[in-house]
Amino acid sequence: MASQEVATVSTQHSRPSLTAVKTVDGDLDCAENGLSRAHWPCEDTLLALQQGIAMETHGLAGAMQSPFTGQGPARLSHLIISLRSWATRHLHPEDQRPDSFLDRFQGAELKDVSSQDSGAQTNAGSQEPPDRGRRTWPLARSNTNACNNTEEEKKKDAIVVDPSSTAYYRWLTVIALPVFYNWCLLICRACFDELQSEHLILWLILDYSADVLYGVDMLVRARTGFLEQGLMVKDVKRLWKHYTTTLHFKLDVLSMVPTDLAFIRLGVNYPELRFNRLLKFSRLFEFFDRTETRTNYPNVFRIGNLVLYILIIIHWNACIYFAISKFIGFGTDSWVYPNVSKPEYGRLSRKYIYSLYWSTLTLTTIGETPPPVKDEEYLFVVVDFLVGVLIFATIVGNVGSMISNMNASRAEFQAKIDSIKQYMQFRKVTKDLETRVIRWFDYLWANKKTVDEKEVLKSLPDKLKAEIAINVHLDTLRKVRIFQDCEAGLLVELVLKLRPTVFSPGDYICKKGDIGKEMYIIKEGKLAVVADDGVTQFVVLSDGSYFGEISILNIKGSKSGNRRTANIRSIGYSDLFCLSKDDLMEALTEYPEAKKALEEKGRQILMKDNLIDEEMVKAGADPKDIEEKVKHLESSLDTLQTRFARLLAEYSTAQMQMKQRLSKLESQVKGGRSAEVPGDTTRTMEGQP
């Protein structure tokens, strides 16, 4: 009986502790569902383990103390919670911590989409039962439904190819291969019988593989989207209707006509029956156009593309020459191909090379060929000469323009150097300074720093300019302390105003006591803070350093004012980004809160370095600031007076013109009335008896 009573007491004391453990476990589930929305695979096993441990622990200690006041169950539950948290972190590693500086440049829509994607991915990886999700986290049900709806919509949406995507370009690369194969080898196989007959199996495999790719390409074109009012059309019916109304659809259908069914009657040695496959040439041209826009060497690609076109024309002309010689008869005269009965002219390689040589000499008009004898030979040679003249003119014109485009930047840069040399010679500049100037230009050209960014980017819209500037200058600007927490709009304004500057060895960027009008950020190179003698170095500044940010803010109470406090000299060639005071103030006019924040940050930096005068800060407004404001008001008043005078003059002119028009109308009305009065009088007299 005693043992039964002890067991009863232990059981009674263990039940509340089990409830407490379940409560903690439920709270932990809620926390996990709220953060990661993921379910641990071993959750049920661990829960059973917790229950067993809790019952055993409280069964031993239940007779001595209550589970709500004892320390053992609390420690055990804390240990279990820690184990579960550790396991959850290792099973579901946290995503990479986002960069708050970069997040300021992402729009709200992009952030929403990113959060939705991450939520969908987490829900997809969850193995949690639906009932439990409803109990622990109310939002899980709606989010799961949204995720399922998204998946259903994706299933319903048809696959549409974006013509500006990389996948579309890769498909163009694939489909260009069979088109190029047909254009090069069909004519060759049709004219040279040995080439067709000796490799028949290979040609059949390649031909029908190309036909399969042609058919797949029709499906790709039928699912290729197009823009309408700036949006990609993804409706399958509209895409098919749009495709069928184009010329490409007609050419694709003609190129897929199974003309090679005539092989059943004529035999397989008639590859000319497949000439309709050549109608797919638009895909090859589209591939060349896309490659030209994507490559970093467009001029080289244009030259190679031009040479390829010329080689294809020469190749086709050689094959046609051999076919005409075969039609007339080999060796019948001096113009046609020699008699193939001779061993040296009977080989396939000699036939093609001889025909290619003749075609090259004829089309380029740079060599002598045997004169034609028959009328059809004369006609063919005349056509060849005309095509050759066009080819020669095309080569000269295109190659000349490409070479001039390739050397355009060098010619422009050399013109600048020549003009500066002439100016220095005219002004009799010293040889030492002239040498430094020439070396500076040489450094710019050798390191490809001659590009004027504003001139290159001027054709882009402001949005793309800002994105390019952020991409290029963001790492540089984020190193400046006072700009790290600024608004995104202000940072965009500032990155657009950064100007690259190059200093030669020994150049002073700033001297002690100079008025600070710019701040500098070192992109590349080394600068030395030197003494007044210019030799003693106190410290060396390297990549990523910056200086002058306090002087351009013109903070009230600064002991140094807006003057430089050190001499900074370039050790070698240094590339710096410069931000002028005027540009900063112009950008801050639209962001008054940011201006106050920047001034406060600058004031804190000065206070840390004990470079601020508290009495001057408390003294009130600076007379210089008031004077500048008065000058600004005066200039604004002058501008308003000028505009008012212009408006008054325009009003006077318009009033005079209105008076003149009214006087003309009055004279016209009076003249019309005087003309009507005599007529009415005459009619009255005639009407009297």
# chains A, B, ... in the order shown; residues from 1 in each chain; ligands from 1
call {"tool": "select_by_dssp", "arguments": {"residues": "stretch 282-434 of chain A", "states": "alpha helix (DSSP H)", "output": "MDAnalysis selection string"}}
result
chainID A and resid 282:294 298:328 343:346 348:364 375:406 408:426 431:434
call {"tool": "residues_around", "arguments": {"residues": "A:Ile468", "least_positions_apart": "6", "cutoff": "12 Å", "atoms": "only C-alpha atoms", "output": "PyMOL selection string"}}
result
chain A and resi 453-454+456-457+460-462+474+492+495-496
call {"tool": "closest_residue", "arguments": {"among": "A:Cys191, A:Ala393, A:Ile303, A:Leu444", "to": "A:Glu272", "atoms": "only C-alpha atoms"}}
result
A:Cys191
call {"tool": "residues_around", "arguments": {"residues": "A:Gly367", "least_positions_apart": "5", "cutoff": "12 Å", "atoms": "only C-alpha atoms", "output": "compact mmCIF listing (two decimals) with N, CA, C and O atoms, in the first residue's frame"}}
result
# COMPACT_ATOMS: atom_id res chain seq x y z
N TYR A 357 39.80 27.97 -106.59
CA TYR A 357 40.83 28.88 -107.07
C TYR A 357 40.30 29.74 -108.22
O TYR A 357 40.49 30.96 -108.25
N TRP A 358 39.62 29.12 -109.16
CA TRP A 358 39.05 29.87 -110.28
C TRP A 358 38.01 30.88 -109.79
O TRP A 358 37.97 32.02 -110.25
N SER A 359 37.17 30.47 -108.85
CA SER A 359 36.15 31.37 -108.34
C SER A 359 36.77 32.55 -107.60
O SER A 359 36.31 33.70 -107.74
N THR A 360 37.84 32.31 -106.84
CA THR A 360 38.49 33.40 -106.11
C THR A 360 39.11 34.40 -107.07
O THR A 360 38.97 35.63 -106.89
N LEU A 361 39.80 33.92 -108.10
CA LEU A 361 40.42 34.83 -109.07
C LEU A 361 39.36 35.65 -109.81
O LEU A 361 39.55 36.85 -110.08
N THR A 362 38.24 35.02 -110.14
CA THR A 362 37.22 35.73 -110.91
C THR A 362 36.50 36.78 -110.06
O THR A 362 36.31 37.92 -110.50
call {"tool": "select_by_dssp", "arguments": {"residues": "stretch 506-661 of chain A", "states": "strand (DSSP E)", "output": "PyMOL selection string"}}
result
chain A and resi 508-510+518-524+527-530+537-541+546-547+567-570+574-580
call {"tool": "closest_residue", "arguments": {"among": "A:Arg277, A:His315, A:Arg223, A:Lys241", "to": "A:Asp211", "atoms": "only C-alpha atoms"}}
result
A:Arg277
call {"tool": "closest_residue", "arguments": {"among": "A:Leu647, A:Leu219, A:Leu498, A:Val540", "to": "A:Trp171", "atoms": "only C-alpha atoms"}}
result
A:Leu219
call {"tool": "decode", "arguments": {"residues": "stretch 208-232 of chain A", "atoms": "N, CA and C atoms", "output": "CSV table (one decimal), in the first residue's frame"}}
result
chain,number,residue,atom,x,y,z
A,208,TYR,N,18.5,14.5,-91.5
A,208,TYR,CA,17.3,14.4,-90.7
A,208,TYR,C,17.5,14.9,-89.3
A,209,SER,N,18.7,14.9,-88.8
A,209,SER,CA,18.9,15.6,-87.5
A,209,SER,C,18.6,17.1,-87.7
A,210,ALA,N,19.0,17.7,-88.8
A,210,ALA,CA,18.7,19.1,-89.0
A,210,ALA,C,17.2,19.3,-89.2
A,211,ASP,N,16.5,18.3,-89.8
A,211,ASP,CA,15.1,18.5,-89.9
A,211,ASP,C,14.4,18.5,-88.6
A,212,VAL,N,14.9,17.6,-87.7
A,212,VAL,CA,14.3,17.6,-86.3
A,212,VAL,C,14.5,18.9,-85.6
A,213,LEU,N,15.7,19.5,-85.8
A,213,LEU,CA,16.0,20.8,-85.2
A,213,LEU,C,15.1,21.9,-85.8
A,214,TYR,N,14.8,21.8,-87.1
A,214,TYR,CA,14.0,22.7,-87.8
A,214,TYR,C,12.6,22.7,-87.2
A,215,GLY,N,12.1,21.4,-87.0
A,215,GLY,CA,10.7,21.3,-86.4
A,215,GLY,C,10.7,21.8,-85.0
A,216,VAL,N,11.7,21.6,-84.2
A,216,VAL,CA,11.7,22.1,-82.8
A,216,VAL,C,11.8,23.6,-82.9
A,217,ASP,N,12.5,24.2,-83.8
A,217,ASP,CA,12.6,25.6,-83.9
A,217,ASP,C,11.2,26.3,-84.2
A,218,MET,N,10.4,25.6,-85.0
A,218,MET,CA,9.0,26.1,-85.2
A,218,MET,C,8.2,26.2,-83.9
A,219,LEU,N,8.4,25.2,-83.1
A,219,LEU,CA,7.7,25.2,-81.8
A,219,LEU,C,8.3,26.3,-80.9
A,220,VAL,N,9.6,26.6,-81.0
A,220,VAL,CA,10.2,27.6,-80.2
A,220,VAL,C,9.7,29.0,-80.7
A,221,ARG,N,9.6,29.2,-82.0
A,221,ARG,CA,9.1,30.4,-82.5
A,221,ARG,C,7.6,30.6,-82.2
A,222,ALA,N,6.9,29.5,-82.1
A,222,ALA,CA,5.4,29.7,-81.8
A,222,ALA,C,5.3,30.0,-80.3
A,223,ARG,N,6.3,29.8,-79.5
A,223,ARG,CA,6.2,30.2,-78.1
A,223,ARG,C,7.2,31.3,-77.7
A,224,THR,N,7.6,32.0,-78.7
A,224,THR,CA,8.5,33.2,-78.4
A,224,THR,C,7.6,34.4,-78.2
A,225,GLY,N,7.8,35.0,-77.0
A,225,GLY,CA,7.0,36.2,-76.6
A,225,GLY,C,7.4,37.4,-77.4
A,226,PHE,N,6.5,38.4,-77.4
A,226,PHE,CA,6.8,39.7,-78.0
A,226,PHE,C,6.2,40.7,-77.1
A,227,LEU,N,6.7,42.0,-77.3
A,227,LEU,CA,6.3,43.1,-76.4
A,227,LEU,C,5.1,43.8,-77.0
A,228,GLU,N,4.1,44.1,-76.1
A,228,GLU,CA,3.0,44.9,-76.5
A,228,GLU,C,2.7,45.9,-75.4
A,229,GLN,N,2.9,47.1,-75.7
A,229,GLN,CA,2.8,48.2,-74.7
A,229,GLN,C,3.8,48.0,-73.5
A,230,GLY,N,5.0,47.5,-73.9
A,230,GLY,CA,6.0,47.3,-72.9
A,230,GLY,C,5.9,46.1,-72.1
A,231,LEU,N,4.9,45.2,-72.3
A,231,LEU,CA,4.8,44.0,-71.5
A,231,LEU,C,4.9,42.8,-72.4
A,232,MET,N,5.4,41.7,-71.9
A,232,MET,CA,5.6,40.5,-72.6
A,232,MET,C,4.3,39.7,-72.7
